[in-house]
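All remarks here apply to the structure that follows.
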Amino acid sequence: MTVRRLGLATGALVAATLVGCGQGGGHSSPDLARLPLVAGAQIVVQAKECDSGSTAYCAVELVIADPMYKTSEDLLKGEHDRLRAAGWSGANADTGEEHAADSPGRKLRLTYATAFGDLLGVDKHWIQRPRTIQLALSHALFDRSPALSLMLEQGVS
């Protein structure tokens, strides 16, 4: 399945997943336009998630694909290099399958992983992802399409 078809297969699910982050509780969603992505990356699906619990946050979770890369690992390295070139610094991720980076000034934090790495984390109950994100990652994995899972959150500043 091509990236375009992958997007169409999951696109209908996006509308049901997008929820109003930033409404009440004073937590706003991070600005996706401030995220440097590799040239050619296409957003397959995205979901906004908010948690108003003791560690309240709002995040934008997305799956990107780029057919210019041979594997998801190549895409991961390309995204890592793009972030470094834009001044983002490495950070500690939650699991060994994930990578993380902080924007200049630490205003944004990105956690990212290959489709396989993220689905492994979900399966092992190390992390949680919205169903639309899981489905898009599964489709990419079975179609052997290079894809990454990304989660963009407000940083500590």
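Every chain in the structure tokens takes a letter, A first, then B, and so on in the order presented; its residues are numbered from 1, and the ligands are numbered from 1 following the presented order.
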
Surrounding residues of Glu97 (chain A) excluding itself and chain neighbours under 2 positions, 12 Å, only C-alpha atoms, as a PyMOL selection string = chain A and resi 73+76+92-95+99-100+111-122+124+126-127+148-149

Determine, using only C-alpha atoms, which residues of region 116-138 of chain A have any atom at most 9 Å from an atom of region 42-58 of chain A, and tabulate each with its shortest atom pair and distance in Å to one decimal place, rows ordered by chain and then rising number, as a Markdown table.
```
| residue | atom | partner | partner_atom | distance |
| --- | --- | --- | --- | --- |
| A:Pro130 | CA | A:Ala47 | CA | 7.4 |
| A:Thr132 | CA | A:Val45 | CA | 7.4 |
| A:Ile133 | CA | A:Val45 | CA | 6.8 |
| A:Ala136 | CA | A:Val45 | CA | 7.0 |
```

Could you pull out all residues of region 4-156 of chain A with a DSSP call of helix (DSSP H, G or I) and give them as JSON, numbers by chain?
-> {"A": [4, 5, 6, 7, 8, 9, 10, 11, 12, 13, 14, 15, 16, 17, 32, 33, 34, 72, 73, 74, 75, 76, 77, 78, 79, 80, 81, 82, 83, 84, 85, 104, 105, 106, 115, 116, 117, 118, 119, 120, 121, 122, 123, 131, 132, 133, 134, 135, 136, 137, 138, 139, 140, 141, 142, 143]}

Backbone DSSP call of strand (DSSP E) for chain A, listed as a PyMOL selection string = chain A and resi 42-51+57-65+89-91+99-102+108-114+147-154

Calculate how many Å separate CA of Lys70 (chain A) from CA of Gly87 (chain A), rounding to one decimal.
->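 Going from CA of Lys70 (chain A) over to CA of Gly87 (chain A), I get 25.6 Å.
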
Selected residue of minimal separation from Ala86 (chain A) among A:Pro36, A:Gly155, A:Gly105, A:Pro30, counting only C-alpha atoms | A:Pro36

A:Ala59, A:Ala101, A:Gly40, A:Leu152: which is nearest His80 (chain A), counting only C-alpha atoms?
->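 Closest candidate: A:Ala101.
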
Go through A:Leu75, A:Val63, A:Leu108, A:Met151 and flag the residue nearest Leu137 (chain A), using only C-alpha atoms for the distances.
-> A:Val63

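Reported to one decimal place, the separation of CA of His125 (chain A) from CA of Ala41 (chain A) is 28.1 Å.
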
What is the CA of Leu37 (chain A) to CA of Ala140 (chain A) distance in Å?
->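 That distance, rounded to one decimal, is 18.1 Å.
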
Distance query Asp102 (chain A) at most 7 Å, only C-alpha atoms, self and fewer than 3 positions along chain excluded, as a PyMOL selection string = chain A and resi 88-91+106+108-110

Given the selection you just returned, output its residues as a file containing C-alpha atoms, formatted as a compact mmCIF listing (two decimals), in the first residue's frame.
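Dumped everything to out-v8.txt:
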```
# COMPACT_ATOMS: atom_id res chain seq x y z
CA TRP A 88 17.03 20.38 18.68
CA SER A 89 19.00 18.56 21.37
CA GLY A 90 18.83 14.90 22.33
CA ALA A 91 16.82 13.96 25.40
CA ARG A 106 13.12 23.51 25.49
CA LEU A 108 8.74 21.61 22.77
CA ARG A 109 9.59 17.96 23.34
CA LEU A 110 9.38 15.27 20.67
```
